[in-house]
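As structure tokens, the structure follows; a few thoughts come after it.
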Amino acid sequence: MANRRKLENAALALSVFGVILLLPPILSIFNIETRLFGAPLVVIYLFGIWLLLIVATFFLSSFISNSDINATSKEDEIKGNKTTESKN
Amino acid sequence: MLSANFIILIAFAYICLLFAIAYFGDRWASKGKKTFLNSPFIYTLAISVYCTSWTFYGAVGSAARNGFEFLAIYLGPTLVFVAWWFILRKLVRIGQKNRITSIADLLSSRFGKSNRLGILVTLIAVIGTTPYIALQLKAITDSIKVISASSNNGALAGFGDGSLALGIAAVMALFTILFGTRNVDAKEQHHGVVAAIAFEAIVKLVAFIAVGVFVVFSLGGGVESIFTKAQEAGVDIYAKSTFGPRWIAILFLSATAILCLPRQFQITIVENSDERHLKTAGWAFPAYLFLMSIFTIPIALYGLTTLPAGANPDMFVLTIPLAADNGALAMFAFIGGFSSGTSMIIIATIALSIMISNHIVMPIALRTSDNIGTEDGQGVTRLLLTSRRISIALVLFLGFLYFWFSGNSDALAAIGLISFAGVAQFLPSMIAALYWREASVKGAIAATSIGFLIWGWTLFLPSFGNTNLWVANLIEQGPWGISLLRPQALFGIEGMDPLVHSVFWSMLLNAVVLIIVSLLSKQSALERIQSSLFVDVFLEKGSAQSRAMRGSASINDLFFVAQRVLGGKRAYALFENFAKESGVKRADVEPTAEFFNRLERELAGSIGAASAHVVLSKVLSGSEVSLEEVMQIADETQQVMKYSQQLEQTTAQLRSTADQLQTANSRLRELDLQKDDFLSKVSHEVRTPMTAIRSFSEILLTHDDLSKDQQKKFITTINTESMRLTKLLDEILDLNALERGERPWINLSIDPRQAVNRAIDICYPIAMQKNVKLEKVTQARKVSVNADADRLTQVFINLITNAIKYNDARKPFVRISSRKIREKYIVEFADNGQGILESDAQHIFEKFSRGRRKNARDDGGLGLGLAISREIIDKMNGKLELVKTKGRGATFRVILPIISKG
């Protein structure tokens, strides 16, 4: 199982990047006259990002085991410390 | 083809299907067969109650009118669910731990179980949701009109718009009352309703996709062709899209709405039976939204391209299949729209009815009736259910009224986003509830109120601008002509999109007021406990909620209350469980703090945290000790402790004063004794010469026949005695003056050796006379001391004469030695006489004390010499002492501090 802290950080990064990608100015880059399969580029872009977010969340969630969700943060910290210790 | 009656019949049949699903859902749930109903997919589908008829029909309309704006409405919730690990998970955990029943309960519970906040949130929710319900009614009636008008059978004659809407509202009310208020659940979960909603979610998704697939592949000839044809026809919806402030505002609002809308909160947080379901919902709900919106643009484009110019884009989902003569598909689309409308109405009214009954009805009932628990039967349960049923009917009726009065105006069209912006006013307090410990109830109330007022002024009120002249005038001129307060241009900022304008000002002031008031106000004890309970929900282990034990409420009292609120069965089960866990009989359960908290949580699940708190406080008012009281008692204890400490201190002071007084007293007594002693000694010393003088003078007076020699001898004696008397009195006066410091005393820098030499010179004749060898053994080098030269000489003379006088050795000597040791000048006078007895050594410096000697004879010594000497040396900061010596004789030592020269 992947390190749970990293997963958590990845989830946070995903959310933050999701917000940034769906807001101007990034969004404005794609809001141009170009067409792809007849559809405006920005439509493809928005749905693409959307799909990306769904897939990424699906994979991140599948890495998180059920026991982790009900585990309290204290235990997480202990676990986290232990893994770092064992690495050292 | 499709008569209105037929459509209404279909709708009615559909509702009957919902009844059946809800009924069997409840049956399964009560039998414990939750495996299917409890799956995360049912949960995810139920969340899609977010997609109302406003999105079902309206998304296409919005795409046709405003370009891609509708996507923001789906992308906001997507972002929230992608980040489920951070906000939703915490909300669900808090909701489960604290038995949260609604968003009003969440905020009220976090902010010290405040009832006022609960009422405020409930009112805002009702005001924000009622028009939204009206919007659903409008969408449903409009869709029925569209689909039946297309048939030539204009059989809608019997049904006006109003009666149609009223009919729908009545059926919805019936459904919601039947399945939404079956019982007062532990956690307000309605498995039957959720099952029905999940079914509706599938229906609306499939219906919309069916229309989409039909439009794209059957009519339009593929996605690319639709886009190209639209471009050729000059329909360019993307040109209208500017991803500016409005895009950001809508993204923000929709993200907020998925958390704050009462119906979303009900489904996502309250109806959640397992935290792990979020894991699935995190990607599955965005996927649902994705599927729901993927055909929106093609449908809009195709509709704009092919349908006549005046066609209402909001109804494209229905009109396109109808135009293509596909009545069955149109029917299916209608059912889809109908289901999205009904699901919203059902969940929204359930959520609102719980809020109204828990935060408005219960507190009033608790306040007006003194003994809520003493009524016969399940008083509270009945009250709750009745109030919920009435509020469901009331909310739906209000929605109908709103629909009725706003009529066919455009006021309803925009109500979706207006409603979002209204509930968004909960967001700052909600986020603060989760993450900011210092947020206080005063801050939350002030912030929510101000946000709500600004929302009402800048967004809700102007929505009547088209129908109401007064409002239109207000928008144009501002109140009383104050242009700075114009609803859509606050502070004179013009040209902003009204939605962006309203969201910006309301959220800004909401957040600012929350922060400032929270920082300025003080949290109550309960608020502090609740805030850490919420903020640290993941840190907490088990249900350990440290709370002070309360009074001595008997277990029977508690059971009585629980029975009234929860009903006999559940109360019994609760007590039985607890008894089992603690390993005692039910009757022996101790009302511990833990049990108390559990009971309160359990009650909160039924009637809300604030009411549960009040109920328990009220019923146990005889013996209850509230947290505040405990704190107060603790404060008082501390004060008492402080007071007793002060007392102790005072006592100690008194004791030491008493000790000092005692010492002083004994010293005084000693002094008194000394004085008596002194007086008796003085009178004795005086009497002896006086007697001599008197007797000799009497002899002289009475005997005339004395010879001249005799006379002379007597007179000499009288003279000597009177001299002695004078000397005695002089010395007493001298000593007295020294002791009292009456005489001016001036210490000068002198050489003590000179004083020694002078004393030796003066005493030399006496020594000669008594054959005493007077010798100076050693002499210090030149030093200076602070002293009175004459007085110092007097001391030395006294010491030397004493040494001479009492020396009865065969070869008597007096040796005088002086030296300098460590800044001290030391001079010693040693003799080889009898010495001084050990027992006398302590007394010789006292007044009238004379050392005893074997052949004592009166030698004219008064016993004051040493006392005076010591007094004098004291004045010079020196020391006069008797030194213990091994051999014969006595040695007196004078020590004087040397002053440095210069």
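Labeling convention for the structure tokens: chains A, B, ... as they appear, residues from 1 per chain, ligands from 1 in order of appearance.
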Exercise. Write out as a ChimeraX atom specification which residues come within 8 Å of Leu866 in chain B when counting only C-alpha atoms, dropping same-chain ones fewer than 6 positions away.
Key: /B:798-799,844-847
Using N, CA and C atoms, can you export the residues from the last selection as a PDB file, in the first residue's frame?
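Wrote result.pdb, looks like this:
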ATOM      1  N   ASN B 798      40.594  52.568  83.730  1.00  0.00           N
ATOM      2  CA  ASN B 798      39.723  51.707  84.522  1.00  0.00           C
ATOM      3  C   ASN B 798      40.222  50.269  84.525  1.00  0.00           C
ATOM      4  N   LEU B 799      40.588  49.821  83.329  1.00  0.00           N
ATOM      5  CA  LEU B 799      41.050  48.430  83.221  1.00  0.00           C
ATOM      6  C   LEU B 799      42.361  48.240  83.993  1.00  0.00           C
ATOM      7  N   ILE B 844      30.204  40.330  85.002  1.00  0.00           N
ATOM      8  CA  ILE B 844      31.045  41.442  85.431  1.00  0.00           C
ATOM      9  C   ILE B 844      30.822  42.730  84.689  1.00  0.00           C
ATOM     10  N   PHE B 845      30.222  42.610  83.482  1.00  0.00           N
ATOM     11  CA  PHE B 845      29.985  43.857  82.747  1.00  0.00           C
ATOM     12  C   PHE B 845      28.660  44.505  83.127  1.00  0.00           C
ATOM     13  N   GLU B 846      27.936  43.824  84.018  1.00  0.00           N
ATOM     14  CA  GLU B 846      26.668  44.424  84.422  1.00  0.00           C
ATOM     15  C   GLU B 846      26.898  45.456  85.512  1.00  0.00           C
ATOM     16  N   LYS B 847      25.858  46.287  85.699  1.00  0.00           N
ATOM     17  CA  LYS B 847      26.011  47.377  86.672  1.00  0.00           C
ATOM     18  C   LYS B 847      26.055  46.828  88.095  1.00  0.00           C
TER      19      LYS B 847
END
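Every chain B residue lying within 6 Å of chain A, based on only C-alpha atoms, is listed here: B:Val82, B:Ala83, B:Glu224, B:Phe227, B:Thr228, B:Lys279, B:Trp283, B:Phe538, B:Leu539.
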Quiz item: Taking the backbone alone, and naming residues the way the document does, which bits of range 154-403 of chain B are alpha helix (DSSP H) by DSSP, as a ChimeraX atom specification?
Solution: /B:161-180,191-213,223-232,245-260,262-265,277-293,296-306,316-323,327-356,362-368,379-403
Self-check item: Distance of CA of Phe243 in chain B from CA of Val223 in chain B, expressed in Å to one decimal place
Solution: 23.8 Å
Self-check item: Pick from B:Leu459, B:Ala165, B:Ala300, B:Ala196 nearest to Ile320 in chain B, counting only C-alpha atoms
Solution: B:Ala300
